[in-house]
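Some notes on the structure that comes next.
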Amino acid sequence: MAQQTVTVEPSDPSGMPTSVRIRTPARIRAMRVGGRVMTYLILWLGSFLYAIPFLWMVRTSFMRLDKLFEEPPQIWPDPWIWQNYIDMWETGPFANWIVNSLILVALGMFGQTFISIFVAYGFARTQFPGRNQLFVLILATLMLPGHVTIVPKFIMFRTVGLLDSLWPVALPDLWGQAFYIFILRQFFLTLPVELDEAAEIDGANLLQVLFRVVIPLSKPAIATVAVFNFINKWNEFFEPFVFIQTPEKLTLAVGIRWFRTQYGTEFQMLMAASIVSVAPIVIVFFFAQKQFVRGIALTGIKS
Amino acid sequence: MTATDMASAPTPVRRRRGILGWTWKETQGFLFILPWLFGFIVFIAGPFFFSFFLSFTQWRLVGDIKWLGFENYAQLLSGEDTRFVQSVYNTAYYVVFHVPGVLIISFIVAGLLNRKVKGIAIYRTCFYLPSITTGVATAVLWYWVLQPNGLLNNFLNIFLTPLDIQAPNWLGSTRWAMPGLIIMSFWSVGTTMIIYLAGLQGIPQHLYEAAEIDGAGWWGKVRHVTIPMMTPQIFLTMVLAVIGSFQVFTAALIITEGGPADATLFLLLYLYWNGFRFFKMGYASAIAWILFFVILFLTIVQFLTARRWVYYEGERAS
């Protein structure tokens with residue numbers, strides 16, 4: 001958000017007409033052109049280096065197993081095997097994993113994005129004794145590494161008999177998430193209070209102000225949080241991995257690993273499964289690129 | 001905040017008082033925060049203190065919890081547990097190379113992307129996508145890339161074969177497994193890069209113009225304008241990278257399972273094994289707390305030293 005105000009073209013401070021500017025000497029111009037060529041060369045090489053493992057993964061997912069170990073390696077799969085994807089679907093409880101991942105994403109987004117809106121609103125727009133201390137506490141939990149609580153959580157969920165299900169992963173997420181609360185609160189603070197007050201004078205209560213004034217104005221920030229939330233829940237590994245054992249109950253992010261242990265050498269299937277797991281993220285990224293960049297920029301600037 | 005205070009001040013009407021003597025508005029505010037407070041107490045604070053308690057005990061999930069005092073910590077810190085020592089060494093090795101590497105690569109890429117290049121969205125996608133790819137997919141992919149005849153060695157052989165040097169067997173040797181994982185970690189620089197890109201775009205152009213007038217060349221501008229103006233972003237990403245790099249798990253678990261010969265045994269992996277394979281709940285908690293204190297200590301040190309080198313606009317220039 002703050003970005004946009006910064007990128008406004010600076011008006012010429014001297015007020016001189018631009019034609020008066022001294023022409024840049026040829027040597028310096030040549031250096032600039034050289035600099036641009038170098039820039040593009042490095043960028044092309046760099047993005048190629050970063051993209052090629054992905055392309056390699058796609059290639060491998062369409063190859064016949066025995067062709068994988070050929071020297072020199074095949075660049076283009078020959079023969080092209082679509083069957084790998086069907087095999088992959090049929091060998092593991094793949095449909096279960098996708099459904100489980102979606103459940104986790106849905107619960108996570110309800111509990112983290114949606115609930116965080118309320119909490120952030122509470123911190124941004126209401127006053128009560130101890131509010132600031134609680135906010136410091138939220139910031140402190142941002143620094144707390146998740147591994148510190150994993151053993152007690154395991155014991156806790158074992159005691160109540162919820163281990164080996166999605167619950168141990170989903171339940172702690174239903175109460176808002178510190179980082180999202182922080183981002184949303186910072187955004188809510190930038191909205192003018194006068195709007196709230198105007199609505200309150202019209203007889204709106206706090207919830208009505210939230211739903212009719214604050215949320216509609218905060219769509220970009222909420223979208224950003226939702227996108228991050230989606231990716232994080234879809235990719236979540238450590239907790240489902242620790243809490244869930246039964247293959248059918250796993251999520252996709254953890255389930256892919258199953259291909260490695262069960263079928264140690266079936267790389268083509270492993271790659272196909274990986275592509276299926278990455279696909280939703282690539283799609284979300286393409287449609288929400290703006291939210292991503294802005295969201296990350298927002299966190300970078302505000303801190 | 002102060003605006004709401006002032007707005008509520010002139011209303012002379014007495015509000016209803018709740019149990020704690022709070023006004024209805026205050027009670028409402030508290031209710032908004034209540035879900036988080038509940039989750040915090042049950043799923044963060046509770047487990048946090050319970051974990052601290054457990055770290056002084058011995059318990060294998062069955063039978064009684066046995067109080068040990070500092071025994072777990074003594075065993076870990078005295079170097080008696082050589083695998084723990086190894087995992088501390090490995091983790092430190094990783095942090096020392098991963099953190100500066102990621103910061104430098106991100107900085108260079110962001111700097112290039114900031115030069116008003118055409119098709120920025122394509123480059124940005126290439127550099128960013130790896131960092132949001134599912135951890136297991138990344139690990140599996142790199143397992144494949146790092147094979148003796150994998151993608152990386154095929155690439156390296158272009159340069160190494162003429163020199164008659166053999167490309168390393170990355171995952172199979174105790175010497176190269178860790179560098180292999182570190183190279184892999186450089187694939188996920190996207191988030192840091194975008195934070196830098198946003199920072200670079202926020203640097204006012206007139207600073208560069210002023211530097212040019214003072215006769216600064218390309219390096220002079222980077223050294224005296226870009227880097228000082230970027231210190232808040234560099235600081236933020238450094239703190240995050242240090243916290244993150246102490247918690248490497250997925251890559252080591254999937255690719256090497258800590259091997260060969262514990263060469264990639266990370267602290268978190270060792271914690272996991274103790275806790276969830278050997279069910280040594282007390283011992284695992286003690287490892288968690290040592291890890292926590294190390295991260296906390298390094299974060300505090302970074303915050304304390306930040307005053308010397310981080311430049312915040314709006315503060316007085318020193």
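Chain labels A, B, ... are given in the sequence in which chains occur in the structure tokens; within each chain residues are numbered consecutively from 1, and ligands are likewise numbered from 1 in the order shown.
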DSSP on the backbone: what in segment 54-208 of chain A comes out alpha helix (DSSP H), as a ChimeraX atom specification? /A:54-61,83-91,94-108,115-125,131-143,150-159,167-170,178-189,193-201,206-208
I want to know what sits within 9 Å of segment 214-230 of chain A, based on only C-alpha atoms, with residues of the same chain fewer than 2 positions away left out; could you give that as a PDB file with N, CA and C atoms, in the first residue's frame?
```pdb
ATOM      1  N   VAL A 105      -7.279 -27.361   4.810  1.00  0.00           N
ATOM      2  CA  VAL A 105      -7.209 -26.010   4.265  1.00  0.00           C
ATOM      3  C   VAL A 105      -8.476 -25.237   4.626  1.00  0.00           C
ATOM      4  N   ALA A 106      -9.635 -25.892   4.466  1.00  0.00           N
ATOM      5  CA  ALA A 106     -10.897 -25.200   4.752  1.00  0.00           C
ATOM      6  C   ALA A 106     -10.982 -24.813   6.227  1.00  0.00           C
ATOM      7  N   GLY A 108      -8.533 -24.551   8.341  1.00  0.00           N
ATOM      8  CA  GLY A 108      -7.463 -23.602   8.631  1.00  0.00           C
ATOM      9  C   GLY A 108      -7.840 -22.199   8.192  1.00  0.00           C
ATOM     10  N   MET A 109      -8.463 -22.102   7.017  1.00  0.00           N
ATOM     11  CA  MET A 109      -8.792 -20.770   6.533  1.00  0.00           C
ATOM     12  C   MET A 109      -9.924 -20.161   7.331  1.00  0.00           C
ATOM     13  N   GLN A 112      -8.098 -19.466  10.808  1.00  0.00           N
ATOM     14  CA  GLN A 112      -6.978 -18.529  10.833  1.00  0.00           C
ATOM     15  C   GLN A 112      -7.309 -17.214  10.149  1.00  0.00           C
ATOM     16  N   THR A 113      -7.784 -17.261   8.914  1.00  0.00           N
ATOM     17  CA  THR A 113      -8.095 -15.995   8.250  1.00  0.00           C
ATOM     18  C   THR A 113      -9.324 -15.338   8.880  1.00  0.00           C
ATOM     19  N   PHE A 114     -10.422 -16.116   8.979  1.00  0.00           N
ATOM     20  CA  PHE A 114     -11.695 -15.520   9.401  1.00  0.00           C
ATOM     21  C   PHE A 114     -11.636 -15.063  10.858  1.00  0.00           C
ATOM     22  N   ILE A 117      -9.532 -12.006  11.587  1.00  0.00           N
ATOM     23  CA  ILE A 117     -10.145 -10.712  11.279  1.00  0.00           C
ATOM     24  C   ILE A 117     -10.781 -10.125  12.546  1.00  0.00           C
ATOM     25  N   TYR A 121      -9.428  -6.910  14.542  1.00  0.00           N
ATOM     26  CA  TYR A 121     -10.352  -5.786  14.706  1.00  0.00           C
ATOM     27  C   TYR A 121     -10.423  -5.374  16.173  1.00  0.00           C
ATOM     28  N   TYR A 180      -1.112 -13.484  11.020  1.00  0.00           N
ATOM     29  CA  TYR A 180      -2.215 -12.894  10.260  1.00  0.00           C
ATOM     30  C   TYR A 180      -2.896 -11.784  11.064  1.00  0.00           C
ATOM     31  N   ILE A 183      -0.708  -8.731  10.674  1.00  0.00           N
ATOM     32  CA  ILE A 183      -0.844  -8.067   9.369  1.00  0.00           C
ATOM     33  C   ILE A 183      -2.175  -7.323   9.278  1.00  0.00           C
ATOM     34  N   LEU A 184      -3.258  -8.007   9.681  1.00  0.00           N
ATOM     35  CA  LEU A 184      -4.586  -7.402   9.542  1.00  0.00           C
ATOM     36  C   LEU A 184      -4.738  -6.186  10.455  1.00  0.00           C
ATOM     37  N   PHE A 187      -3.125  -3.264   9.036  1.00  0.00           N
ATOM     38  CA  PHE A 187      -3.907  -2.712   7.934  1.00  0.00           C
ATOM     39  C   PHE A 187      -5.128  -1.945   8.451  1.00  0.00           C
ATOM     40  N   PHE A 188      -5.826  -2.523   9.413  1.00  0.00           N
ATOM     41  CA  PHE A 188      -7.013  -1.858   9.964  1.00  0.00           C
ATOM     42  C   PHE A 188      -6.653  -0.488  10.543  1.00  0.00           C
ATOM     43  N   LEU A 191      -6.950   2.505   8.293  1.00  0.00           N
ATOM     44  CA  LEU A 191      -8.263   2.999   7.873  1.00  0.00           C
ATOM     45  C   LEU A 191      -8.694   4.142   8.789  1.00  0.00           C
ATOM     46  N   LEU A 195     -14.697   6.857   9.692  1.00  0.00           N
ATOM     47  CA  LEU A 195     -15.682   5.998   9.020  1.00  0.00           C
ATOM     48  C   LEU A 195     -16.436   5.154  10.041  1.00  0.00           C
ATOM     49  N   ASP A 196     -15.694   4.571  10.996  1.00  0.00           N
ATOM     50  CA  ASP A 196     -16.325   3.789  12.062  1.00  0.00           C
ATOM     51  C   ASP A 196     -17.309   4.659  12.834  1.00  0.00           C
ATOM     52  N   VAL A 209     -20.150  -2.504  12.191  1.00  0.00           N
ATOM     53  CA  VAL A 209     -19.044  -1.686  11.670  1.00  0.00           C
ATOM     54  C   VAL A 209     -18.016  -2.587  10.998  1.00  0.00           C
ATOM     55  N   LEU A 210     -17.708  -3.694  11.665  1.00  0.00           N
ATOM     56  CA  LEU A 210     -16.714  -4.619  11.110  1.00  0.00           C
ATOM     57  C   LEU A 210     -17.152  -5.132   9.739  1.00  0.00           C
ATOM     58  N   PHE A 211     -18.417  -5.601   9.655  1.00  0.00           N
ATOM     59  CA  PHE A 211     -18.852  -6.244   8.414  1.00  0.00           C
ATOM     60  C   PHE A 211     -19.202  -5.254   7.319  1.00  0.00           C
ATOM     61  N   ARG A 212     -19.657  -4.060   7.690  1.00  0.00           N
ATOM     62  CA  ARG A 212     -20.120  -3.127   6.650  1.00  0.00           C
ATOM     63  C   ARG A 212     -19.079  -2.090   6.290  1.00  0.00           C
ATOM     64  N   ASN A 232       0.080 -22.140   3.085  1.00  0.00           N
ATOM     65  CA  ASN A 232       0.692 -22.712   4.279  1.00  0.00           C
ATOM     66  C   ASN A 232      -0.011 -23.983   4.739  1.00  0.00           C
ATOM     67  N   LYS A 233      -1.336 -23.968   4.689  1.00  0.00           N
ATOM     68  CA  LYS A 233      -2.056 -25.157   5.132  1.00  0.00           C
ATOM     69  C   LYS A 233      -1.892 -26.296   4.129  1.00  0.00           C
ATOM     70  N   TRP A 234      -1.899 -25.962   2.859  1.00  0.00           N
ATOM     71  CA  TRP A 234      -1.746 -26.996   1.825  1.00  0.00           C
ATOM     72  C   TRP A 234      -0.372 -27.666   1.938  1.00  0.00           C
ATOM     73  N   ASN A 235       0.630 -26.883   2.284  1.00  0.00           N
ATOM     74  CA  ASN A 235       1.995 -27.401   2.338  1.00  0.00           C
ATOM     75  C   ASN A 235       2.386 -27.963   3.699  1.00  0.00           C
ATOM     76  N   ILE A 281      -0.921 -24.757  -6.014  1.00  0.00           N
ATOM     77  CA  ILE A 281      -0.161 -23.586  -5.577  1.00  0.00           C
ATOM     78  C   ILE A 281       0.238 -22.731  -6.768  1.00  0.00           C
ATOM     79  N   VAL A 284      -2.903 -20.932  -7.836  1.00  0.00           N
ATOM     80  CA  VAL A 284      -3.211 -19.824  -6.927  1.00  0.00           C
ATOM     81  C   VAL A 284      -2.220 -18.688  -7.141  1.00  0.00           C
ATOM     82  N   PHE A 285      -0.962 -19.051  -7.326  1.00  0.00           N
ATOM     83  CA  PHE A 285       0.047 -18.014  -7.498  1.00  0.00           C
ATOM     84  C   PHE A 285      -0.210 -17.182  -8.747  1.00  0.00           C
ATOM     85  N   ALA A 288      -3.145 -14.904  -8.104  1.00  0.00           N
ATOM     86  CA  ALA A 288      -3.059 -13.980  -6.963  1.00  0.00           C
ATOM     87  C   ALA A 288      -1.663 -13.394  -6.836  1.00  0.00           C
ATOM     88  N   LYS A 290      -0.465 -10.591  -7.455  1.00  0.00           N
ATOM     89  CA  LYS A 290      -0.453  -9.253  -6.856  1.00  0.00           C
ATOM     90  C   LYS A 290      -0.552  -9.327  -5.333  1.00  0.00           C
ATOM     91  N   GLN A 291      -1.485 -10.182  -4.863  1.00  0.00           N
ATOM     92  CA  GLN A 291      -1.675 -10.323  -3.403  1.00  0.00           C
ATOM     93  C   GLN A 291      -0.384 -10.812  -2.746  1.00  0.00           C
ATOM     94  N   PHE A 292       0.266 -11.742  -3.423  1.00  0.00           N
ATOM     95  CA  PHE A 292       1.502 -12.287  -2.890  1.00  0.00           C
ATOM     96  C   PHE A 292       2.540 -11.202  -2.678  1.00  0.00           C
ATOM     97  N   VAL A 293       2.822 -10.531  -3.801  1.00  0.00           N
ATOM     98  CA  VAL A 293       3.899  -9.556  -3.774  1.00  0.00           C
ATOM     99  C   VAL A 293       3.578  -8.456  -2.781  1.00  0.00           C
ATOM    100  N   ARG A 294       2.323  -8.011  -2.798  1.00  0.00           N
ATOM    101  CA  ARG A 294       1.956  -6.955  -1.890  1.00  0.00           C
ATOM    102  C   ARG A 294       2.031  -7.436  -0.443  1.00  0.00           C
ATOM    103  N   GLY A 295       1.567  -8.659  -0.231  1.00  0.00           N
ATOM    104  CA  GLY A 295       1.567  -9.190   1.130  1.00  0.00           C
ATOM    105  C   GLY A 295       2.965  -9.265   1.704  1.00  0.00           C
ATOM    106  N   ILE A 296       3.884  -9.802   0.919  1.00  0.00           N
ATOM    107  CA  ILE A 296       5.251  -9.923   1.404  1.00  0.00           C
ATOM    108  C   ILE A 296       5.857  -8.537   1.594  1.00  0.00           C
TER     109      ILE A 296
END
```
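Proximity of A:Gly146, A:Gly255, A:Pro77, A:Gly176 to chain B, computed with only C-alpha atoms, is greatest for A:Gly176.
Among the candidate residues A:Leu104, A:Ile256, A:Met269, A:Leu162, the one lying nearest to chain B is A:Ile256, with distances computed using only C-alpha atoms.
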What lies within 10 Å of Trp97 of chain A using only C-alpha atoms, ignoring chain neighbours under 2 positions off, as a PyMOL selection string? chain A and resi 92-95+99-103+247-256
Could those selected residues go to a file with C-alpha atoms, as a CSV table (one decimal), in the first residue's frame?
```csv
chain,number,residue,atom,x,y,z
A,92,GLY,CA,-1.9,-44.8,-3.1
A,93,PRO,CA,-5.0,-43.5,-1.3
A,94,PHE,CA,-4.6,-40.4,-3.4
A,95,ALA,CA,-8.2,-39.2,-3.3
A,99,VAL,CA,-9.8,-34.6,0.5
A,100,ASN,CA,-7.9,-34.5,3.8
A,101,SER,CA,-5.7,-31.6,2.6
A,102,LEU,CA,-8.8,-29.7,1.5
A,103,ILE,CA,-10.5,-30.3,4.8
A,247,PRO,CA,-1.9,-43.8,5.3
A,248,GLU,CA,-5.5,-43.1,4.4
A,249,LYS,CA,-5.6,-40.3,7.0
A,250,LEU,CA,-2.6,-38.4,5.7
A,251,THR,CA,-2.6,-35.2,3.8
A,252,LEU,CA,-1.2,-34.8,0.3
A,253,ALA,CA,1.9,-32.9,1.4
A,254,VAL,CA,2.8,-35.8,3.7
A,255,GLY,CA,1.4,-38.6,1.6
A,256,ILE,CA,3.7,-38.1,-1.3
```
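For the atom pair formed by atom CA of Ile275 of chain A and atom CA of Asp78 of chain A, the distance is 19.3 Å, given to one decimal.
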Counting only C-alpha atoms, which of B:Leu37, B:Val136, B:Ala74, B:Val102 gets nearest to Leu270 of chain A? B:Val136
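Interface residues on chain B toward chain A (cut-off 6 Å, only C-alpha atoms): Glu26, Gly29, Phe32, Ile33, Pro35, Trp36, Gly39, Phe43, Pro47, Phe48, Ser51, Tyr123, Cys126, Thr133, Thr134, Ala137, Ile195, Ala198 and Ala288 of chain B.
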Grab the residues selected above and save them as a compact mmCIF listing (two decimals), in the first residue's frame with N, CA and C atoms.
```txt
# COMPACT_ATOMS: atom_id res chain seq x y z
N GLU B 26 -15.81 -2.06 26.22
CA GLU B 26 -14.58 -2.76 26.61
C GLU B 26 -14.81 -4.27 26.61
N GLY B 29 -14.80 -5.52 23.13
CA GLY B 29 -13.44 -5.59 22.61
C GLY B 29 -12.75 -6.85 23.07
N PHE B 32 -13.87 -9.93 21.23
CA PHE B 32 -13.26 -10.10 19.91
C PHE B 32 -11.93 -10.86 20.02
N ILE B 33 -11.23 -10.61 21.11
CA ILE B 33 -9.90 -11.19 21.24
C ILE B 33 -9.94 -12.56 21.91
N PRO B 35 -11.26 -15.54 21.29
CA PRO B 35 -10.88 -16.79 20.60
C PRO B 35 -9.38 -16.99 20.58
N TRP B 36 -8.65 -15.93 20.26
CA TRP B 36 -7.20 -16.07 20.22
C TRP B 36 -6.65 -16.40 21.60
N GLY B 39 -7.20 -20.04 22.39
CA GLY B 39 -6.25 -20.86 21.64
C GLY B 39 -4.85 -20.73 22.18
N PHE B 43 -3.30 -24.09 23.46
CA PHE B 43 -2.43 -24.73 22.48
C PHE B 43 -1.03 -24.12 22.37
N PRO B 47 1.05 -25.97 26.48
CA PRO B 47 2.10 -26.87 26.01
C PRO B 47 3.51 -26.32 26.26
N PHE B 48 3.66 -25.00 26.17
CA PHE B 48 4.96 -24.37 26.36
C PHE B 48 5.49 -24.67 27.76
N SER B 51 6.00 -28.44 28.36
CA SER B 51 7.24 -28.88 27.73
C SER B 51 8.44 -28.56 28.62
N TYR B 123 10.21 -13.44 -14.63
CA TYR B 123 11.38 -13.70 -13.79
C TYR B 123 10.97 -13.89 -12.34
N CYS B 126 9.64 -17.29 -11.80
CA CYS B 126 10.70 -18.30 -11.79
C CYS B 126 11.42 -18.34 -10.45
N THR B 133 6.77 -24.05 -2.99
CA THR B 133 6.51 -25.43 -3.39
C THR B 133 6.47 -26.33 -2.16
N THR B 134 5.55 -27.28 -2.17
CA THR B 134 5.43 -28.25 -1.08
C THR B 134 6.80 -28.81 -0.69
N ALA B 137 7.75 -32.21 -2.10
CA ALA B 137 8.01 -32.18 -3.54
C ALA B 137 9.39 -31.61 -3.81
N ILE B 195 10.84 -9.38 -0.52
CA ILE B 195 10.95 -8.34 0.52
C ILE B 195 11.99 -7.30 0.09
N ALA B 198 10.66 -5.03 -2.76
CA ALA B 198 9.78 -3.99 -2.24
C ALA B 198 10.61 -2.89 -1.59
N ALA B 288 14.32 -29.63 22.68
CA ALA B 288 13.50 -28.52 22.19
C ALA B 288 13.85 -27.23 22.91
```
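Residues within 9 Å of Tyr85 of chain A, counting only C-alpha atoms and excluding same-chain residues fewer than 2 positions away, are A:Ser61, A:Phe62, A:Ile81, A:Trp82, A:Gln83, A:Asp87, A:Met88, A:Trp89, A:Glu90, A:Gln268, A:Met269, A:Ala272, A:Ala273.
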Surrounding residues of segment 246-249 of chain B excluding itself and chain neighbours under 5 positions, 7 Å, only C-alpha atoms, as a ChimeraX atom specification: /B:91,95,266,268-269
